[in-house]
Amino acid sequence: MTSPTLEVTALCKSFGSVRANHDVTFSVDAGELLCLFGENGAGKSTLSACLTGLYRPDSGEIALEGTPLRLSSAADAIRHGIGLVHQHFVLVPDFTVLENIVVGSETGLFVDFASAEARLRQICESYGIDIDPNARVEDLSVGEQQWAELLKALYFDAKLLILDEPTATLDVEGSKKLFRIIDKLKADGVAIILITHFLEEVMQADRVAVLRQGAVVGIKKTAETSPEELTRMMVGRDLKRQTRQSTPMGTARLALESVTVEGLGERPDLDDISFCVHEGEIFGIAGVAGNGQRPLMEVIAGVRKPKSGIISLDDTVISSKGVHAIKSMGLGHIPEDRFAEGLVRDFSIEENLILGEHRGTFAKGGLLDFRKMAQNAKRLIAEFSIAAPSGETLVGNLSGGNAQRVILAREMQLASKVLLANQPTRGLDVGVIDYIHQCLFNKKAEGVAVVIASSELEDLIALCDRIGVLFQGRLMGIVDARKTNLEEIGLLMAGHALETAV
Amino acid sequence: MIEITRRQTVGYRARIVAYLLALVMGFACTSLLIWLSGASVMEGFSALFEGAFGSEEAMLQSLVAATPLIFTGLATVIAYRAEIWSIGQEGQMFAGAMSGYFASLYLGGAPMVVAVPVIILAAMIGGALLGMLCGWLKSRFAVNEIISTVMLNYVIVYFLSYLLAGGPWTAEGSTSYHQTALLADNFRLPLIVSDVKLHIGFLLAILATVLCWGILKFTPFGFEIRALGANPTALRFKGVNVARTILIVMAVSGALSALAGVSEIFGVNYRLKGDVLTGLGFTGIIVGMIGGLNPFGALIAALLFGALENGSLYMSVLSDIPPALVPAMQGILLLFFLSASVIVRYRVRIRRASYV
Ligand SMILES: Nc1ncnc2c1ncn2[C@@H]1O[C@H](COP(=O)(O)OP(=O)(O)OP(=O)(O)O)[C@@H](O)[C@H]1O
Ligand SMILES: [Mg+2]
């Protein structure tokens, strides 16, 4: 019998008092897809970092094709044929996709860019990835950056590929494409570890390893298990899906009239957008990633200025106001890219939770009110079950989902009138998604106008009252979430106009 | 096999050990240079030490030399914590000295208690305005601050040259000295210890150190400085006016640099001339970096460099060691300190190669 591609035995890794991985044992065979499934902070990213030389395990063994392995760096891992797609991108924004892939990985003094580019194009073609190797990373959307990360891993013929939540930043089409690529890799005998919070994706794997608080609580063949069983293993209880409550909607709270926002090129980022959101309404924004969701949120929050058009909140025009003034009127904004726009990595949870309010609520006599900061953090950490040793923990050391909770906690507090949420549940485990949906419904009950953009169409349909669909910066139509279906939204997302307006 | 791993946290003790090691290595390297230059290493160092710490007077003199470096070091700390890579401490210090002098021209026979504060204030405004100019260019036109500050350094220094080389500020009959006339008594900074010219600028420097530390740690503005350095986008998304914050940071940094100019001109030399200021701004950058961009770190580094500066005078008199060795030594120390501050974040272990 040949040895499995990867065999991990009794791997442990702690950060101070936090046991991120404890006695982890599992294996992956060549051509097999293994899913790692577990709550936020269960230790999935830490495990992949240990397998790729980014962290050194405290104890335990890693064997690649039967040979014990001791990795000293990420480059070392690549040499051994282990590739990793990071949960949080590690791309240099100023560099092109090609440069990002080549620099730091090609050995030798001079880089043969021409042949590297040819190789990259060939990979793109064979896997059907549509990305320009010479595009600068900072000009790419989050989804495209995800492909760039994947290309980086595909560029080296990996025996073992670890994908840390790649589908969190992809839309439905993107995820399908990713699974086609995975199938192709499997056929070539590559062993794949996939981390995801989506149960449908988990069920497409060959086997699933469920992690809880750093330990493997079970490994199942997907053919012999069910989503319900996996969830139970993961959170230790059953989940019930939140259902829409029909609270009566009030008067118009947030209104956009012919809002146009300029883009970099010819096409405006937002083109003549008009809609309004009522008190106690949840308004969904659907659309293929990069069709204007981000500019829409940013223009309402005041981060960007419209070229023309009027935005008003409770009859006050806010399109001429600054971010701070708008926010002070009771608007919370959950941005799309948590570490780029929402958080300061090198700041503690306490500090991140007061970002923006550091001159207001949390200042006393010209100084920061540390007592209040600590109390605030303690309360929100409990309320949003943020897994962290204390409020002084640096946000950069939190797991992805827990970092997301810090933003959620901060912005939910602010949103007394309007809540803008761009992919708010991205990277959250199913347990919390449930909680967040509950929070959204609470906001709805309080009369807050909620605008939520998500790539999870089913979530949108379940949560929202109405859904607006964006295509190339234009609002293709607004549908009633109770009456619509996936096909209708899908058509609008592809740019087909609506026949019967709502 | 040597293993290098990143430490999760760096303790104080590890830091202190690393820096002491850097100091020792720096001195070892300098010894090599002295030895190569043909002079006696022992003699050189004992003269340096004698000059810096040999007597009470020598020690006080070291504090005098440290004073401007504390200011320019703090100016560096404030700007660099916000990740604004200003190289303009030199020019802002000149601008400060010049604005102070300019103010003094209108103060006539005003009593010292009025004249000195006005001069200090004028200097701070001068330095702040120059700093703000670079801040404005950065936030308004995305002009890289490294370039704008370096360019403006030249502009200011040459402007002073013009003023002093036969220009309006040149002292009568001393065109060739490039200096102004001696300052009147009421414009001079009061002395704490008169024999060595330890002036109140030193006390101001200590006060400024404590203030900078307090601002960074305890105030909303300090919070913004640190956040600006770590993630300006997040700050913008939370409604902080980033352009304004940059302006204020550069104003504070410029005002601090200006105080270095005031110290040297109004506290020690009593006349405005360029050569006594030259280099103090650039050394301040080294001081700030060695101090780990921490105000108290900068204070300690400035005291060290002040002592070096002061001891080197003595050394060049008493031994054959060229005084140019002191800047070389400062450079060497900077390299070792910066290396130490990086290396201390890693753990190096030697393991027998029992694995593949
Ligand atoms: N560098 C670090 N320093 C301290 N603690 C850390 C560090 N990295 C991770 N942790 C902690 O280890 C635990 C596991 O984190 P990890 O990132 O592996 O979780 P995860 O399973 O990937 O979660 P998510 O689904 O949210 O991405 C968390 O409690 C986290 O706070
Ligand atoms: Mg993770």
# chains A, B, ... in the order shown; residues from 1 in each chain; ligands from 1

$ residues_around --residues "B:Ala340" --least-positions-apart "5" --cutoff "7 Å" --atoms "only C-alpha atoms" --output "list in words"
Ala18, Tyr19 and Ala22 of chain B

$ interface_residues --of "chain A" --to "chain B" --cutoff "6 Å" --atoms "only C-alpha atoms" --output "NGL selection string"
:A and (323-324 or 341-344 or 356 or 358-359 or 367-368)

$ write_last_selection --atoms "N, CA and C atoms" --output "PDB file, in the first residue's frame"
ATOM      1  N   VAL A 323     -18.154  61.510   6.090  1.00  0.00           N
ATOM      2  CA  VAL A 323     -18.358  60.210   6.725  1.00  0.00           C
ATOM      3  C   VAL A 323     -18.748  60.361   8.195  1.00  0.00           C
ATOM      4  N   HIS A 324     -18.026  61.230   8.881  1.00  0.00           N
ATOM      5  CA  HIS A 324     -18.251  61.354  10.312  1.00  0.00           C
ATOM      6  C   HIS A 324     -19.660  61.860  10.617  1.00  0.00           C
ATOM      7  N   GLU A 341     -10.224  47.596   5.227  1.00  0.00           N
ATOM      8  CA  GLU A 341     -11.063  48.772   5.419  1.00  0.00           C
ATOM      9  C   GLU A 341     -11.694  48.865   6.801  1.00  0.00           C
ATOM     10  N   GLY A 342     -11.788  47.734   7.471  1.00  0.00           N
ATOM     11  CA  GLY A 342     -12.563  47.754   8.700  1.00  0.00           C
ATOM     12  C   GLY A 342     -11.745  47.770   9.973  1.00  0.00           C
ATOM     13  N   LEU A 343     -10.538  47.228   9.908  1.00  0.00           N
ATOM     14  CA  LEU A 343      -9.809  47.002  11.151  1.00  0.00           C
ATOM     15  C   LEU A 343      -8.363  47.468  11.048  1.00  0.00           C
ATOM     16  N   VAL A 344      -7.782  47.736  12.204  1.00  0.00           N
ATOM     17  CA  VAL A 344      -6.353  47.998  12.273  1.00  0.00           C
ATOM     18  C   VAL A 344      -5.723  46.774  12.925  1.00  0.00           C
ATOM     19  N   GLY A 356     -13.158  55.461  15.336  1.00  0.00           N
ATOM     20  CA  GLY A 356     -14.199  56.366  14.856  1.00  0.00           C
ATOM     21  C   GLY A 356     -14.925  57.071  15.991  1.00  0.00           C
ATOM     22  N   HIS A 358     -13.357  57.459  18.902  1.00  0.00           N
ATOM     23  CA  HIS A 358     -12.281  57.772  19.851  1.00  0.00           C
ATOM     24  C   HIS A 358     -12.263  59.232  20.270  1.00  0.00           C
ATOM     25  N   ARG A 359     -12.946  60.076  19.527  1.00  0.00           N
ATOM     26  CA  ARG A 359     -13.037  61.479  19.950  1.00  0.00           C
ATOM     27  C   ARG A 359     -14.391  61.776  20.597  1.00  0.00           C
ATOM     28  N   LEU A 367      -8.674  62.960  27.036  1.00  0.00           N
ATOM     29  CA  LEU A 367      -7.927  61.699  27.057  1.00  0.00           C
ATOM     30  C   LEU A 367      -8.857  60.547  26.699  1.00  0.00           C
ATOM     31  N   LEU A 368      -8.255  59.453  26.257  1.00  0.00           N
ATOM     32  CA  LEU A 368      -9.045  58.257  26.000  1.00  0.00           C
ATOM     33  C   LEU A 368      -9.535  57.699  27.330  1.00  0.00           C
TER      34      LEU A 368
END

$ select_by_dssp --residues "stretch 101-205 of chain A" --states "alpha helix (DSSP H)" --output "PyMOL selection string"
chain A and resi 101-102+113-127+142-155+172-187+199-202

$ write_last_selection --atoms "C-alpha atoms" --output "PDB file, in the first residue's frame"
ATOM      1  CA  ILE A 101       3.669  35.081  -8.344  1.00  0.00           C
ATOM      2  CA  VAL A 102       7.232  35.196  -9.541  1.00  0.00           C
ATOM      3  CA  PHE A 113       9.463  37.135 -16.916  1.00  0.00           C
ATOM      4  CA  ALA A 114       8.669  36.167 -20.479  1.00  0.00           C
ATOM      5  CA  SER A 115       8.684  32.440 -19.863  1.00  0.00           C
ATOM      6  CA  ALA A 116       6.989  32.893 -16.489  1.00  0.00           C
ATOM      7  CA  GLU A 117       4.216  34.814 -18.199  1.00  0.00           C
ATOM      8  CA  ALA A 118       3.873  32.170 -20.877  1.00  0.00           C
ATOM      9  CA  ARG A 119       3.599  29.491 -18.219  1.00  0.00           C
ATOM     10  CA  LEU A 120       1.057  31.501 -16.281  1.00  0.00           C
ATOM     11  CA  ARG A 121      -1.079  32.105 -19.349  1.00  0.00           C
ATOM     12  CA  GLN A 122      -0.994  28.428 -20.100  1.00  0.00           C
ATOM     13  CA  ILE A 123      -2.162  27.619 -16.562  1.00  0.00           C
ATOM     14  CA  CYS A 124      -4.937  30.196 -16.847  1.00  0.00           C
ATOM     15  CA  GLU A 125      -6.055  28.647 -20.060  1.00  0.00           C
ATOM     16  CA  SER A 126      -5.962  25.041 -18.967  1.00  0.00           C
ATOM     17  CA  TYR A 127      -7.970  25.809 -15.812  1.00  0.00           C
ATOM     18  CA  VAL A 142     -11.647  40.835  -4.086  1.00  0.00           C
ATOM     19  CA  GLY A 143     -12.860  37.883  -6.156  1.00  0.00           C
ATOM     20  CA  GLU A 144     -10.175  38.410  -8.784  1.00  0.00           C
ATOM     21  CA  GLN A 145      -7.536  38.644  -6.084  1.00  0.00           C
ATOM     22  CA  GLN A 146      -8.747  35.265  -4.937  1.00  0.00           C
ATOM     23  CA  TRP A 147      -7.972  33.850  -8.372  1.00  0.00           C
ATOM     24  CA  ALA A 148      -4.569  35.500  -8.307  1.00  0.00           C
ATOM     25  CA  GLU A 149      -3.872  33.754  -5.005  1.00  0.00           C
ATOM     26  CA  LEU A 150      -4.977  30.471  -6.466  1.00  0.00           C
ATOM     27  CA  LEU A 151      -2.774  30.975  -9.517  1.00  0.00           C
ATOM     28  CA  LYS A 152       0.142  31.490  -7.181  1.00  0.00           C
ATOM     29  CA  ALA A 153      -0.474  28.035  -5.767  1.00  0.00           C
ATOM     30  CA  LEU A 154      -1.094  26.435  -9.160  1.00  0.00           C
ATOM     31  CA  TYR A 155       2.066  27.918 -10.629  1.00  0.00           C
ATOM     32  CA  VAL A 172     -21.794  31.205  -6.982  1.00  0.00           C
ATOM     33  CA  GLU A 173     -20.285  30.994 -10.464  1.00  0.00           C
ATOM     34  CA  GLY A 174     -16.804  31.403  -9.068  1.00  0.00           C
ATOM     35  CA  SER A 175     -17.331  28.620  -6.565  1.00  0.00           C
ATOM     36  CA  LYS A 176     -18.573  26.293  -9.282  1.00  0.00           C
ATOM     37  CA  LYS A 177     -15.510  27.079 -11.329  1.00  0.00           C
ATOM     38  CA  LEU A 178     -13.282  26.445  -8.353  1.00  0.00           C
ATOM     39  CA  PHE A 179     -14.824  23.024  -7.877  1.00  0.00           C
ATOM     40  CA  ARG A 180     -14.223  22.196 -11.536  1.00  0.00           C
ATOM     41  CA  ILE A 181     -10.573  23.119 -11.018  1.00  0.00           C
ATOM     42  CA  ILE A 182     -10.469  20.997  -7.893  1.00  0.00           C
ATOM     43  CA  ASP A 183     -11.865  18.033  -9.822  1.00  0.00           C
ATOM     44  CA  LYS A 184      -9.193  18.449 -12.465  1.00  0.00           C
ATOM     45  CA  LEU A 185      -6.470  18.618  -9.818  1.00  0.00           C
ATOM     46  CA  LYS A 186      -7.867  15.530  -8.135  1.00  0.00           C
ATOM     47  CA  ALA A 187      -7.736  13.684 -11.424  1.00  0.00           C
ATOM     48  CA  LEU A 199     -22.189  23.020   4.035  1.00  0.00           C
ATOM     49  CA  GLU A 200     -23.041  22.451   0.354  1.00  0.00           C
ATOM     50  CA  GLU A 201     -19.346  22.676  -0.415  1.00  0.00           C
ATOM     51  CA  VAL A 202     -18.388  20.487   2.488  1.00  0.00           C
TER      52      VAL A 202
END

$ residues_near_ligand --ligand "ligand 1" --cutoff "8 Å" --atoms "only C-alpha atoms and all ligand atoms" --output "VMD selection string"
(chain A and resid 14 to 16 18 to 21 38 to 48 87 164 to 165 196 to 197 211 213 to 214 387 to 389 393 396 to 403 427 to 429) or (chain B and resid 8)

$ write_last_selection --atoms "N, CA and C atoms" --output "CSV table (one decimal), in the first residue's frame"
chain,number,residue,atom,x,y,z
A,14,SER,N,0.2,26.0,20.2
A,14,SER,CA,-0.4,26.9,21.1
A,14,SER,C,0.1,28.3,20.9
A,15,PHE,N,-0.7,29.3,21.2
A,15,PHE,CA,-0.2,30.7,21.3
A,15,PHE,C,-0.5,31.1,22.7
A,16,GLY,N,0.6,31.1,23.5
A,16,GLY,CA,0.4,31.5,24.9
A,16,GLY,C,-0.5,30.5,25.5
A,18,VAL,N,-3.6,30.0,24.5
A,18,VAL,CA,-4.6,29.6,23.5
A,18,VAL,C,-4.1,28.3,22.8
A,19,ARG,N,-4.9,27.2,23.0
A,19,ARG,CA,-4.6,26.0,22.3
A,19,ARG,C,-5.3,26.0,20.9
A,20,ALA,N,-4.5,26.4,19.9
A,20,ALA,CA,-5.1,26.5,18.6
A,20,ALA,C,-5.3,25.2,17.9
A,21,ASN,N,-4.3,24.3,18.1
A,21,ASN,CA,-4.4,22.9,17.5
A,21,ASN,C,-4.0,22.0,18.7
A,38,GLY,N,-15.2,23.7,10.8
A,38,GLY,CA,-15.2,24.0,12.2
A,38,GLY,C,-15.5,25.4,12.5
A,39,GLU,N,-15.8,25.7,13.7
A,39,GLU,CA,-16.2,27.1,14.1
A,39,GLU,C,-15.1,28.1,13.9
A,40,ASN,N,-15.4,29.4,13.9
A,40,ASN,CA,-14.4,30.4,13.9
A,40,ASN,C,-13.5,30.2,15.1
A,41,GLY,N,-12.2,30.2,14.8
A,41,GLY,CA,-11.3,30.1,15.8
A,41,GLY,C,-11.0,28.6,16.2
A,42,ALA,N,-11.6,27.7,15.5
A,42,ALA,CA,-11.4,26.2,15.8
A,42,ALA,C,-9.9,25.8,15.5
A,43,GLY,N,-9.2,26.6,14.7
A,43,GLY,CA,-7.8,26.3,14.5
A,43,GLY,C,-7.5,25.8,13.1
A,44,LYS,N,-8.4,26.1,12.1
A,44,LYS,CA,-8.2,25.6,10.8
A,44,LYS,C,-7.0,26.4,10.1
A,45,SER,N,-7.0,27.7,10.2
A,45,SER,CA,-6.0,28.4,9.5
A,45,SER,C,-4.6,28.2,10.2
A,46,THR,N,-4.7,28.0,11.5
A,46,THR,CA,-3.4,27.7,12.2
A,46,THR,C,-2.9,26.3,11.7
A,47,LEU,N,-3.8,25.4,11.5
A,47,LEU,CA,-3.3,24.1,11.0
A,47,LEU,C,-2.7,24.2,9.6
A,48,SER,N,-3.3,25.0,8.8
A,48,SER,CA,-2.8,25.1,7.4
A,48,SER,C,-1.4,25.8,7.5
A,87,GLN,N,-6.2,32.7,3.7
A,87,GLN,CA,-7.5,33.2,4.0
A,87,GLN,C,-7.5,34.8,3.8
A,164,ASP,N,-7.6,27.9,2.0
A,164,ASP,CA,-8.3,28.4,3.2
A,164,ASP,C,-9.4,29.4,2.9
A,165,GLU,N,-10.6,28.9,3.0
A,165,GLU,CA,-11.8,29.7,2.7
A,165,GLU,C,-11.7,30.5,1.4
A,196,THR,N,-13.8,25.5,4.4
A,196,THR,CA,-15.0,26.3,4.1
A,196,THR,C,-16.1,26.2,5.1
A,197,HIS,N,-16.9,27.3,5.2
A,197,HIS,CA,-18.0,27.3,6.1
A,197,HIS,C,-19.3,26.9,5.5
A,211,LEU,N,-13.3,20.1,13.2
A,211,LEU,CA,-12.5,20.6,14.3
A,211,LEU,C,-13.3,21.4,15.3
A,213,GLN,N,-12.5,23.6,18.9
A,213,GLN,CA,-11.5,24.1,19.9
A,213,GLN,C,-10.1,23.5,19.7
A,214,GLY,N,-9.7,23.4,18.5
A,214,GLY,CA,-8.3,22.9,18.2
A,214,GLY,C,-8.2,21.4,18.0
A,387,ALA,N,-14.0,34.9,20.2
A,387,ALA,CA,-13.0,34.1,20.9
A,387,ALA,C,-11.7,34.7,20.9
A,388,ALA,N,-11.3,35.3,22.1
A,388,ALA,CA,-10.1,35.9,22.3
A,388,ALA,C,-9.7,35.9,23.8
A,389,PRO,N,-8.4,35.8,24.1
A,389,PRO,CA,-8.0,35.7,25.5
A,389,PRO,C,-8.5,36.9,26.3
A,393,THR,N,-6.1,41.6,23.2
A,393,THR,CA,-5.6,40.8,22.1
A,393,THR,C,-5.5,41.6,20.8
A,396,GLY,N,-5.0,41.4,14.7
A,396,GLY,CA,-4.3,40.6,13.7
A,396,GLY,C,-4.1,39.2,14.2
A,397,ASN,N,-4.2,38.9,15.5
A,397,ASN,CA,-4.0,37.5,15.9
A,397,ASN,C,-5.3,36.8,16.0
A,398,LEU,N,-6.4,37.4,15.7
A,398,LEU,CA,-7.7,36.7,15.8
A,398,LEU,C,-7.9,35.8,14.5
A,399,SER,N,-8.7,34.8,14.6
A,399,SER,CA,-9.1,34.1,13.4
A,399,SER,C,-10.0,35.0,12.6
A,400,GLY,N,-10.1,34.6,11.3
A,400,GLY,CA,-10.8,35.5,10.4
A,400,GLY,C,-12.2,35.8,10.8
A,401,GLY,N,-12.9,34.8,11.2
A,401,GLY,CA,-14.3,35.0,11.6
A,401,GLY,C,-14.4,35.8,12.9
A,402,ASN,N,-13.5,35.7,13.8
A,402,ASN,CA,-13.5,36.5,15.0
A,402,ASN,C,-13.2,37.9,14.7
A,403,ALA,N,-12.3,38.2,13.8
A,403,ALA,CA,-12.0,39.5,13.4
A,403,ALA,C,-13.3,40.2,12.8
A,427,GLY,N,-17.1,34.4,5.8
A,427,GLY,CA,-16.1,33.8,6.7
A,427,GLY,C,-16.6,33.4,8.1
A,428,LEU,N,-17.9,33.6,8.3
A,428,LEU,CA,-18.4,33.2,9.6
A,428,LEU,C,-18.9,31.8,9.6
A,429,ASP,N,-18.8,31.1,10.7
A,429,ASP,CA,-19.3,29.8,10.7
A,429,ASP,C,-20.8,29.7,10.8
B,8,GLN,N,6.3,35.1,19.0
B,8,GLN,CA,4.9,35.7,19.1
B,8,GLN,C,5.0,37.0,19.8

$ residues_around --residues "B:Ile78" --least-positions-apart "4" --cutoff "9 Å" --atoms "only C-alpha atoms" --output "PyMOL selection string"
chain B and resi 73-74+82-84+212+216+225+249-250+252-253+293-295

$ residues_around --residues "A:Ser328" --least-positions-apart "3" --cutoff "12 Å" --atoms "only C-alpha atoms" --output "list in words"
Ala301, Gly302, Leu313, Ile318, Lys321, Gly322, Val323, His324, Ala325, Leu331, Gly332, His333, Gly356, Glu357, Arg359, Gly360, Thr361, Glu411, Gln413, Leu414, Ala415, Ser416, Lys417 and Val418 of chain A; Lys238 and Gly239 of chain B

$ residues_around --residues "B:Leu313" --least-positions-apart "4" --cutoff "8 Å" --atoms "only C-alpha atoms" --output "MDAnalysis selection string"
chainID B and resid 51 309 317 323

$ residues_around --residues "stretch 147-149 of chain B" --least-positions-apart "2" --cutoff "10 Å" --atoms "only C-alpha atoms" --output "list in words"
Trp85, Ser86, Ile87, Gly88, Gln89, Glu90, Gly91, Gln92, Leu130, Gly131, Leu133, Cys134, Gly135, Leu137, Lys138, Val143, Asn144, Glu145, Met151, Leu152, Asn153, Tyr154 and Val155 of chain B

$ write_last_selection --atoms "N, CA and C atoms" --output "PDB file, in the first residue's frame"
ATOM      1  N   TRP B  85       7.212  59.492   6.359  1.00  0.00           N
ATOM      2  CA  TRP B  85       8.672  59.345   6.389  1.00  0.00           C
ATOM      3  C   TRP B  85       9.349  60.668   6.091  1.00  0.00           C
ATOM      4  N   SER B  86       9.190  61.596   7.002  1.00  0.00           N
ATOM      5  CA  SER B  86       9.767  62.921   6.820  1.00  0.00           C
ATOM      6  C   SER B  86      11.274  62.890   7.071  1.00  0.00           C
ATOM      7  N   ILE B  87      12.014  63.533   6.161  1.00  0.00           N
ATOM      8  CA  ILE B  87      13.458  63.700   6.340  1.00  0.00           C
ATOM      9  C   ILE B  87      13.696  65.187   6.607  1.00  0.00           C
ATOM     10  N   GLY B  88      12.615  65.913   6.934  1.00  0.00           N
ATOM     11  CA  GLY B  88      12.697  67.361   6.994  1.00  0.00           C
ATOM     12  C   GLY B  88      13.088  67.954   8.335  1.00  0.00           C
ATOM     13  N   GLN B  89      13.488  67.102   9.304  1.00  0.00           N
ATOM     14  CA  GLN B  89      13.852  67.629  10.614  1.00  0.00           C
ATOM     15  C   GLN B  89      14.929  68.711  10.498  1.00  0.00           C
ATOM     16  N   GLU B  90      15.884  68.481   9.591  1.00  0.00           N
ATOM     17  CA  GLU B  90      16.990  69.423   9.411  1.00  0.00           C
ATOM     18  C   GLU B  90      16.460  70.796   8.975  1.00  0.00           C
ATOM     19  N   GLY B  91      15.681  70.799   7.914  1.00  0.00           N
ATOM     20  CA  GLY B  91      15.174  72.059   7.392  1.00  0.00           C
ATOM     21  C   GLY B  91      14.239  72.752   8.376  1.00  0.00           C
ATOM     22  N   GLN B  92      13.405  71.949   9.060  1.00  0.00           N
ATOM     23  CA  GLN B  92      12.470  72.545  10.018  1.00  0.00           C
ATOM     24  C   GLN B  92      13.219  73.147  11.200  1.00  0.00           C
ATOM     25  N   LEU B 130       6.576  74.910   7.915  1.00  0.00           N
ATOM     26  CA  LEU B 130       7.361  74.182   6.917  1.00  0.00           C
ATOM     27  C   LEU B 130       6.931  72.711   6.880  1.00  0.00           C
ATOM     28  N   GLY B 131       6.715  72.150   8.080  1.00  0.00           N
ATOM     29  CA  GLY B 131       6.266  70.761   8.135  1.00  0.00           C
ATOM     30  C   GLY B 131       4.910  70.607   7.460  1.00  0.00           C
ATOM     31  N   LEU B 133       3.624  72.341   5.150  1.00  0.00           N
ATOM     32  CA  LEU B 133       3.720  72.469   3.695  1.00  0.00           C
ATOM     33  C   LEU B 133       3.917  71.076   3.078  1.00  0.00           C
ATOM     34  N   CYS B 134       4.817  70.304   3.682  1.00  0.00           N
ATOM     35  CA  CYS B 134       5.061  68.954   3.144  1.00  0.00           C
ATOM     36  C   CYS B 134       3.834  68.065   3.367  1.00  0.00           C
ATOM     37  N   GLY B 135       3.193  68.231   4.518  1.00  0.00           N
ATOM     38  CA  GLY B 135       1.998  67.451   4.799  1.00  0.00           C
ATOM     39  C   GLY B 135       0.897  67.755   3.798  1.00  0.00           C
ATOM     40  N   LEU B 137       1.317  69.005   0.731  1.00  0.00           N
ATOM     41  CA  LEU B 137       1.705  68.457  -0.581  1.00  0.00           C
ATOM     42  C   LEU B 137       1.413  66.968  -0.647  1.00  0.00           C
ATOM     43  N   LYS B 138       1.612  66.299   0.481  1.00  0.00           N
ATOM     44  CA  LYS B 138       1.391  64.849   0.513  1.00  0.00           C
ATOM     45  C   LYS B 138      -0.088  64.512   0.377  1.00  0.00           C
ATOM     46  N   VAL B 143       2.347  64.154  -3.131  1.00  0.00           N
ATOM     47  CA  VAL B 143       3.798  64.303  -3.292  1.00  0.00           C
ATOM     48  C   VAL B 143       4.462  63.513  -2.177  1.00  0.00           C
ATOM     49  N   ASN B 144       5.367  62.649  -2.549  1.00  0.00           N
ATOM     50  CA  ASN B 144       6.054  61.830  -1.565  1.00  0.00           C
ATOM     51  C   ASN B 144       6.797  62.724  -0.567  1.00  0.00           C
ATOM     52  N   GLU B 145       6.544  62.472   0.734  1.00  0.00           N
ATOM     53  CA  GLU B 145       7.109  63.365   1.746  1.00  0.00           C
ATOM     54  C   GLU B 145       8.628  63.272   1.816  1.00  0.00           C
ATOM     55  N   MET B 151      14.013  68.171  -0.469  1.00  0.00           N
ATOM     56  CA  MET B 151      14.164  69.353  -1.322  1.00  0.00           C
ATOM     57  C   MET B 151      14.082  70.629  -0.496  1.00  0.00           C
ATOM     58  N   LEU B 152      13.083  70.669   0.402  1.00  0.00           N
ATOM     59  CA  LEU B 152      12.906  71.890   1.189  1.00  0.00           C
ATOM     60  C   LEU B 152      14.065  72.090   2.162  1.00  0.00           C
ATOM     61  N   ASN B 153      14.690  71.009   2.603  1.00  0.00           N
ATOM     62  CA  ASN B 153      15.892  71.161   3.430  1.00  0.00           C
ATOM     63  C   ASN B 153      16.907  72.035   2.702  1.00  0.00           C
ATOM     64  N   TYR B 154      17.132  71.709   1.423  1.00  0.00           N
ATOM     65  CA  TYR B 154      18.108  72.490   0.652  1.00  0.00           C
ATOM     66  C   TYR B 154      17.672  73.935   0.550  1.00  0.00           C
ATOM     67  N   VAL B 155      16.380  74.132   0.246  1.00  0.00           N
ATOM     68  CA  VAL B 155      15.886  75.490   0.053  1.00  0.00           C
ATOM     69  C   VAL B 155      16.153  76.343   1.291  1.00  0.00           C
TER      70      VAL B 155
END
